[in-house]
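Okay, data38.cif is below, mmCIF, C-alpha atoms:
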```cif
data_coords
loop_
_atom_site.label_atom_id
_atom_site.label_comp_id
_atom_site.auth_asym_id
_atom_site.auth_seq_id
_atom_site.Cartn_x
_atom_site.Cartn_y
_atom_site.Cartn_z
CA MET A 24 29.27 53.28 -13.09
CA VAL A 25 27.90 53.15 -9.55
CA GLU A 26 24.36 53.17 -10.92
CA VAL A 27 25.14 50.23 -13.19
CA MET A 28 26.60 48.26 -10.25
CA VAL A 29 23.54 48.99 -8.07
CA ALA A 30 21.18 48.04 -10.90
CA ALA A 31 23.14 44.81 -11.53
CA GLY A 32 23.00 43.92 -7.80
CA ILE A 33 19.27 44.55 -7.59
CA SER A 34 18.68 42.60 -10.81
CA ALA A 35 20.72 39.65 -9.50
CA PHE A 36 18.76 39.69 -6.24
CA ILE A 37 15.44 39.69 -8.11
CA LEU A 38 16.60 36.91 -10.48
CA VAL A 39 17.65 34.71 -7.53
CA GLY A 40 14.20 35.24 -5.98
CA ILE A 41 12.47 34.33 -9.24
CA LEU A 42 14.66 31.23 -9.65
CA GLN A 43 13.93 30.11 -6.08
CA THR A 44 10.21 30.55 -6.67
CA PHE A 45 10.40 28.58 -9.91
CA LEU A 46 12.28 25.72 -8.17
CA MET A 47 9.82 25.68 -5.27
CA ILE A 48 6.87 25.45 -7.66
CA GLY A 49 8.60 22.59 -9.52
CA ARG A 50 9.28 20.67 -6.29
CA THR A 51 5.73 21.20 -5.10
CA GLY A 52 4.37 19.92 -8.41
CA TYR A 53 6.66 16.89 -8.24
CA ASN A 54 5.48 16.06 -4.71
CA ALA A 55 1.84 16.58 -5.67
CA ALA A 56 2.28 14.16 -8.57
CA ASN A 57 3.90 11.60 -6.22
CA TYR A 58 1.07 11.91 -3.70
CA SER A 59 -1.47 11.51 -6.47
CA LEU A 60 0.26 8.42 -7.85
CA MET A 61 0.58 6.80 -4.42
CA GLU A 62 -3.04 7.53 -3.59
CA ALA A 63 -4.29 6.11 -6.91
CA GLU A 64 -2.17 2.94 -6.52
CA SER A 65 -3.37 2.46 -2.94
CA ARG A 66 -7.01 2.97 -3.86
CA ARG A 67 -6.78 0.51 -6.78
CA ALA A 68 -5.02 -2.08 -4.59
CA MET A 69 -7.65 -1.78 -1.87
CA GLU A 70 -10.41 -2.26 -4.44
CA VAL A 71 -8.84 -5.43 -5.90
CA PHE A 72 -8.03 -6.82 -2.45
CA SER A 73 -11.44 -6.01 -0.94
CA GLN A 74 -13.38 -7.78 -3.68
CA GLU A 75 -11.57 -11.07 -3.17
CA ILE A 76 -11.21 -10.93 0.62
CA ARG A 77 -14.94 -10.41 1.06
CA MET A 78 -15.73 -13.42 -1.16
CA ALA A 79 -13.10 -15.72 0.38
CA ARG A 80 -14.29 -19.06 1.72
CA ASN A 81 -11.10 -19.79 3.56
CA ILE A 82 -7.87 -18.07 4.53
CA THR A 83 -4.39 -19.36 5.25
CA TRP A 84 -2.16 -17.06 7.23
CA ASN A 85 1.33 -17.48 5.77
CA SER A 86 2.90 -14.64 7.81
CA SER A 87 2.09 -11.11 8.96
CA SER A 88 2.77 -10.02 5.37
CA SER A 89 1.25 -12.88 3.33
CA ILE A 90 -2.18 -14.54 3.20
CA THR A 91 -3.67 -17.11 0.85
CA LEU A 92 -7.38 -17.09 0.05
CA ILE A 93 -9.75 -19.65 -1.40
CA VAL A 94 -12.14 -17.59 -3.53
CA PRO A 95 -15.27 -19.04 -5.15
CA THR A 96 -15.77 -18.41 -8.85
CA SER A 97 -18.49 -19.66 -11.17
CA GLY A 98 -18.56 -23.38 -10.42
CA SER A 99 -15.14 -23.74 -8.77
CA ASN A 100 -12.64 -22.16 -6.39
CA ILE A 101 -9.38 -20.37 -7.08
CA THR A 102 -6.42 -19.91 -4.76
CA VAL A 103 -5.00 -16.39 -4.55
CA THR A 104 -2.12 -15.10 -2.45
CA TYR A 105 -1.63 -11.49 -1.41
CA ALA A 106 1.81 -10.68 -0.06
CA TYR A 107 4.41 -8.03 0.61
CA ASP A 108 7.92 -8.48 -0.77
CA ASN A 109 10.33 -6.63 1.51
CA SER A 110 13.42 -7.40 -0.59
CA THR A 111 15.31 -4.52 -2.17
CA THR A 112 15.88 -6.13 -5.58
CA GLY A 113 13.73 -7.88 -8.13
CA PRO A 114 10.53 -7.06 -10.00
CA THR A 115 8.35 -7.13 -6.86
CA ALA A 116 10.84 -5.47 -4.48
CA GLN A 117 9.15 -3.46 -1.71
CA SER A 118 5.70 -4.04 -3.17
CA PHE A 119 2.29 -5.48 -2.30
CA TYR A 120 1.32 -8.02 -4.93
CA ARG A 121 -1.29 -10.60 -5.94
CA VAL A 122 -0.45 -14.02 -7.37
CA LEU A 123 -2.68 -16.91 -8.44
CA GLY A 124 -1.86 -19.96 -6.36
CA ASN A 125 -0.24 -20.38 -2.99
CA ALA A 126 2.67 -18.42 -1.51
CA THR A 127 5.28 -20.49 -3.36
CA SER A 128 3.57 -20.21 -6.75
CA SER A 129 5.76 -19.31 -9.71
CA ALA A 130 2.86 -17.62 -11.53
CA HIS A 131 3.09 -13.98 -12.58
CA ARG A 132 2.93 -11.56 -9.64
CA ARG A 133 0.66 -8.59 -10.23
CA VAL A 134 2.14 -5.64 -8.36
CA LEU A 135 -0.59 -3.55 -6.74
CA VAL A 136 1.46 -0.99 -4.76
CA ARG A 137 5.15 -0.09 -5.06
CA ASN A 138 7.65 1.69 -2.78
CA ILE A 139 6.27 0.27 0.47
CA THR A 140 8.32 0.99 3.59
CA SER A 141 6.14 -0.81 6.17
CA PHE A 142 3.39 -3.41 5.77
CA ALA A 143 1.20 -5.70 7.89
CA PHE A 144 -1.99 -7.73 7.81
CA GLN A 145 -3.99 -7.95 11.04
CA ARG A 146 -6.65 -10.56 11.66
CA TYR A 147 -9.67 -10.36 13.89
CA LYS A 148 -12.43 -12.66 15.06
CA LEU A 149 -16.04 -12.17 16.00
CA VAL A 150 -16.37 -11.23 19.67
CA THR A 151 -18.60 -13.72 21.46
CA GLY A 152 -19.60 -14.35 25.06
CA THR A 153 -17.25 -12.95 27.66
CA SER A 154 -14.31 -12.52 25.30
CA THR A 155 -13.00 -8.97 25.27
CA SER A 156 -10.26 -9.41 22.71
CA ASN A 157 -11.16 -9.57 19.06
CA VAL A 158 -7.66 -10.46 17.80
CA ALA A 159 -7.77 -13.84 16.05
CA SER A 160 -5.04 -16.30 16.94
CA ASN A 161 -5.58 -18.86 14.16
CA ASP A 162 -7.02 -19.32 10.68
CA LEU A 163 -10.23 -21.00 11.90
CA GLU A 164 -11.42 -18.04 13.99
CA THR A 165 -10.32 -15.35 11.53
CA LYS A 166 -13.38 -13.47 10.23
CA GLN A 167 -11.96 -10.00 9.51
CA ILE A 168 -8.74 -8.75 7.91
CA GLN A 169 -7.21 -5.30 8.09
CA LEU A 170 -4.32 -4.07 5.99
CA THR A 171 -1.87 -1.29 6.86
CA PHE A 172 1.06 -0.01 4.85
CA GLN A 173 3.11 3.07 4.18
CA THR A 174 4.53 4.12 0.83
CA THR A 175 7.31 6.60 0.21
CA MET A 176 8.46 8.17 -3.04
CA LYS A 177 11.77 9.98 -2.92
CA GLY A 178 12.91 12.74 -5.21
CA VAL A 179 16.42 13.96 -5.88
CA THR A 180 15.70 17.61 -5.19
CA ALA A 181 12.32 17.33 -3.47
CA ALA A 182 11.41 16.00 -0.04
CA ALA A 183 10.11 12.43 0.14
CA ALA A 184 6.35 12.07 -0.25
CA THR A 185 4.81 9.60 2.22
CA ASN A 186 1.36 8.02 2.17
CA ALA A 187 0.02 5.92 5.06
CA VAL A 188 -2.91 3.57 4.41
CA LEU A 189 -5.09 1.89 7.02
CA SER A 190 -7.86 -0.14 5.43
CA ALA A 191 -11.25 -0.84 6.86
CA ARG A 192 -11.68 -4.26 8.42
CA TYR A 193 -12.82 -6.51 5.62
CA ILE A 194 -15.30 -9.18 6.64
CA LEU A 195 -14.88 -12.60 5.04
CA ARG A 196 -18.57 -13.04 4.16
CA ASN A 197 -18.39 -16.64 2.90
CA LYS A 198 -16.12 -18.02 5.60
CA SER A 199 -17.53 -19.95 8.51
CA VAL A 200 -15.66 -19.53 11.78
CA SER A 201 -15.08 -21.53 14.93
CA ALA A 202 -13.59 -20.38 18.19
#
```
Spit out the file's structure as structure tokens when you get a sec.
Amino acid sequence: MVEVMVAAGISAFILVGILQTFLMIGRTGYNAANYSLMEAESRRAMEVFSQEIRMARNITWNSSSSITLIVPTSGSNITVTYAYDNSTTGPTAQSFYRVLGNATSSAHRRVLVRNITSFAFQRYKLVTGTSTSNVASNDLETKQIQLTFQTTMKGVTAAAATNAVLSARYILRNKSVSA
């Protein structure tokens, strides 16, 4: 009887170890999938954004989380707004999105990145003469845009996966500037 009790105790101990290992592998796989998804979304968003920001002829700074671009197309111009929705409800909640038209447009919003916890656009100018600061203070002198955001995906049993993105400074190639 003692031998059966010892064998049962050792078996239970080994089973708990195997179960813990199985759960750890599952959580690790879940986090790896979240990181992969966040990285793919971020990369796709940067690609879409970079193509239009580089072609933009003009930029309107709506806020630190919203800009409107005038982008040339074959024979005409289109207006495109990129913005961050920091609300907690709705189809674009906590997401970076693209919409045709200005910031108040009711057109369909194409969500580029979801689950954003912090977001900001920064604008820069060309440094000329004795100026030491390259931070642009208005739309006319803005020649470069940089985008930063952080995404977080939370799991019930796994730790939250976080991805921070700092883009390169995109140069508005078609935009003329004035100081």
Centre, x/y/z edge lengths, axis-aligned box for region 67-77 of chain A with 8 Å per side, as lines of an AutoDock Vina configuration file:
```
center_x = -10.0
center_y = -5.3
center_z = -2.9
size_x = 25.9
size_y = 27.6
size_z = 23.8
```
**Request:** Find the residue from A:Ile101, A:Val200, A:Val122, A:Ala30 that sits nearest to Ala159 (chain A); use all atoms listed in the file when measuring.
**Result:** A:Val200
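Here CA of Ser160 (chain A) and CA of Ile76 (chain A) stand 18.3 Å from one another.
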**Request:** Identify, on the basis of only C-alpha atoms, every residue whose closest approach to Ser118 (chain A) does not exceed 8 Å; exclude the query and any residue fewer than 2 positions from it along the same chain; express the result as a list of chain:residue names.
**Result:** A:Tyr107, A:Asp108, A:Asn109, A:Thr115, A:Ala116, A:Tyr120, A:Val134, A:Leu135, A:Val136, A:Arg137, A:Asn138, A:Ile139
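Distance annotation: of A:Thr44, A:Gln173, A:Ser59, A:Ser89, the residue with the minimal separation from Ala126 (chain A) is A:Ser89; atom set is all atoms listed in the file.
Proximity ranking of A:Pro95, A:Gly40, A:Pro114, A:Gly49 relative to Arg132 (chain A) places A:Pro114 first, based on all atoms listed in the file.
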Just say which residues the PyMOL selection byres ((chain A and resi 125) around 9) picks in this file, as a PDB file with C-alpha atoms, keeping the file's coordinate frame.
```pdb
ATOM      1  CA  ILE A  90      -2.180 -14.540   3.200  1.00  0.00           C
ATOM      2  CA  THR A  91      -3.670 -17.110   0.850  1.00  0.00           C
ATOM      3  CA  LEU A  92      -7.380 -17.090   0.050  1.00  0.00           C
ATOM      4  CA  THR A 102      -6.420 -19.910  -4.760  1.00  0.00           C
ATOM      5  CA  VAL A 103      -5.000 -16.390  -4.550  1.00  0.00           C
ATOM      6  CA  THR A 104      -2.120 -15.100  -2.450  1.00  0.00           C
ATOM      7  CA  VAL A 122      -0.450 -14.020  -7.370  1.00  0.00           C
ATOM      8  CA  LEU A 123      -2.680 -16.910  -8.440  1.00  0.00           C
ATOM      9  CA  GLY A 124      -1.860 -19.960  -6.360  1.00  0.00           C
ATOM     10  CA  ALA A 126       2.670 -18.420  -1.510  1.00  0.00           C
ATOM     11  CA  THR A 127       5.280 -20.490  -3.360  1.00  0.00           C
ATOM     12  CA  SER A 128       3.570 -20.210  -6.750  1.00  0.00           C
TER      13      SER A 128
END
```
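This file gives the following result for the PyMOL selection byres ((chain A and resi 73) around 12): Ser65, Arg66, Arg67, Ala68, Met69, Glu70, Val71, Phe72, Gln74, Glu75, Ile76, Arg77, Met78, Ala79, Leu92, Val94, Tyr105, Gln167, Ile168, Gln169, Leu170, Ser190, Ala191, Arg192, Tyr193, Ile194, Leu195 and Arg196 of chain A.
When CA of Phe172 (chain A) is paired with CA of Ala184 (chain A), their separation reads 14.1 Å.
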**Item:** Shell of 6 Å around Arg80 (chain A), only C-alpha atoms, local chain residues under 6 positions omitted, as number ranges by chain
**Value:** A: 93-94, 197-198
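CA of Gly52 (chain A) lies 22.8 Å from CA of Thr140 (chain A).
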**Asked** Counting all atoms listed in the file, which of A:Ser87, A:Thr112, A:Ser199, A:Gln117 gets nearest to Leu163 (chain A)?
**Response** A:Ser199
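Between Tyr53 (chain A) and the residues A:Met176, A:Ala35, A:Ile41, A:Ala187, the shortest atom-to-atom distance, using all atoms listed in the file, involves A:Met176.
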**Request:** For Gly178 (chain A), please output as number ranges by chain all residues within 10 Å (counting all atoms listed in the file; exclusion window: fewer than 4 positions along the same chain).
**Result:** A: 50, 53-54, 57, 182-184
How about completing region 83-94 of chain A with N, CA and C atoms and giving it to me as a PDB file, keeping the file's coordinate frame?
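After the write, part_10.pdb holds the following:
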```
ATOM      1  N   THR A  83      -5.573 -18.766   4.636  1.00  0.00           N
ATOM      2  CA  THR A  83      -4.390 -19.360   5.250  1.00  0.00           C
ATOM      3  C   THR A  83      -3.431 -18.219   5.537  1.00  0.00           C
ATOM      4  N   TRP A  84      -3.048 -18.116   6.780  1.00  0.00           N
ATOM      5  CA  TRP A  84      -2.160 -17.060   7.230  1.00  0.00           C
ATOM      6  C   TRP A  84      -0.728 -17.543   7.048  1.00  0.00           C
ATOM      7  N   ASN A  85      -0.043 -17.062   6.028  1.00  0.00           N
ATOM      8  CA  ASN A  85       1.330 -17.480   5.770  1.00  0.00           C
ATOM      9  C   ASN A  85       2.314 -16.757   6.693  1.00  0.00           C
ATOM     10  N   SER A  86       2.081 -15.477   6.923  1.00  0.00           N
ATOM     11  CA  SER A  86       2.900 -14.640   7.810  1.00  0.00           C
ATOM     12  C   SER A  86       2.151 -13.333   8.017  1.00  0.00           C
ATOM     13  N   SER A  87       2.771 -12.402   8.750  1.00  0.00           N
ATOM     14  CA  SER A  87       2.090 -11.110   8.960  1.00  0.00           C
ATOM     15  C   SER A  87       2.071 -10.285   7.685  1.00  0.00           C
ATOM     16  N   SER A  88       2.755 -10.763   6.628  1.00  0.00           N
ATOM     17  CA  SER A  88       2.770 -10.020   5.370  1.00  0.00           C
ATOM     18  C   SER A  88       2.340 -10.871   4.172  1.00  0.00           C
ATOM     19  N   SER A  89       1.688 -12.014   4.432  1.00  0.00           N
ATOM     20  CA  SER A  89       1.250 -12.880   3.330  1.00  0.00           C
ATOM     21  C   SER A  89       0.055 -13.722   3.775  1.00  0.00           C
ATOM     22  N   ILE A  90      -1.013 -13.688   2.958  1.00  0.00           N
ATOM     23  CA  ILE A  90      -2.180 -14.540   3.200  1.00  0.00           C
ATOM     24  C   ILE A  90      -2.593 -15.193   1.886  1.00  0.00           C
ATOM     25  N   THR A  91      -3.155 -16.393   2.009  1.00  0.00           N
ATOM     26  CA  THR A  91      -3.670 -17.110   0.850  1.00  0.00           C
ATOM     27  C   THR A  91      -5.166 -17.310   1.039  1.00  0.00           C
ATOM     28  N   LEU A  92      -5.922 -17.012   0.002  1.00  0.00           N
ATOM     29  CA  LEU A  92      -7.380 -17.090   0.050  1.00  0.00           C
ATOM     30  C   LEU A  92      -7.891 -18.169  -0.889  1.00  0.00           C
ATOM     31  N   ILE A  93      -8.989 -18.785  -0.504  1.00  0.00           N
ATOM     32  CA  ILE A  93      -9.750 -19.650  -1.400  1.00  0.00           C
ATOM     33  C   ILE A  93     -10.989 -18.849  -1.778  1.00  0.00           C
ATOM     34  N   VAL A  94     -11.076 -18.480  -3.061  1.00  0.00           N
ATOM     35  CA  VAL A  94     -12.140 -17.590  -3.530  1.00  0.00           C
ATOM     36  C   VAL A  94     -13.040 -18.358  -4.499  1.00  0.00           C
TER      37      VAL A  94
END
```
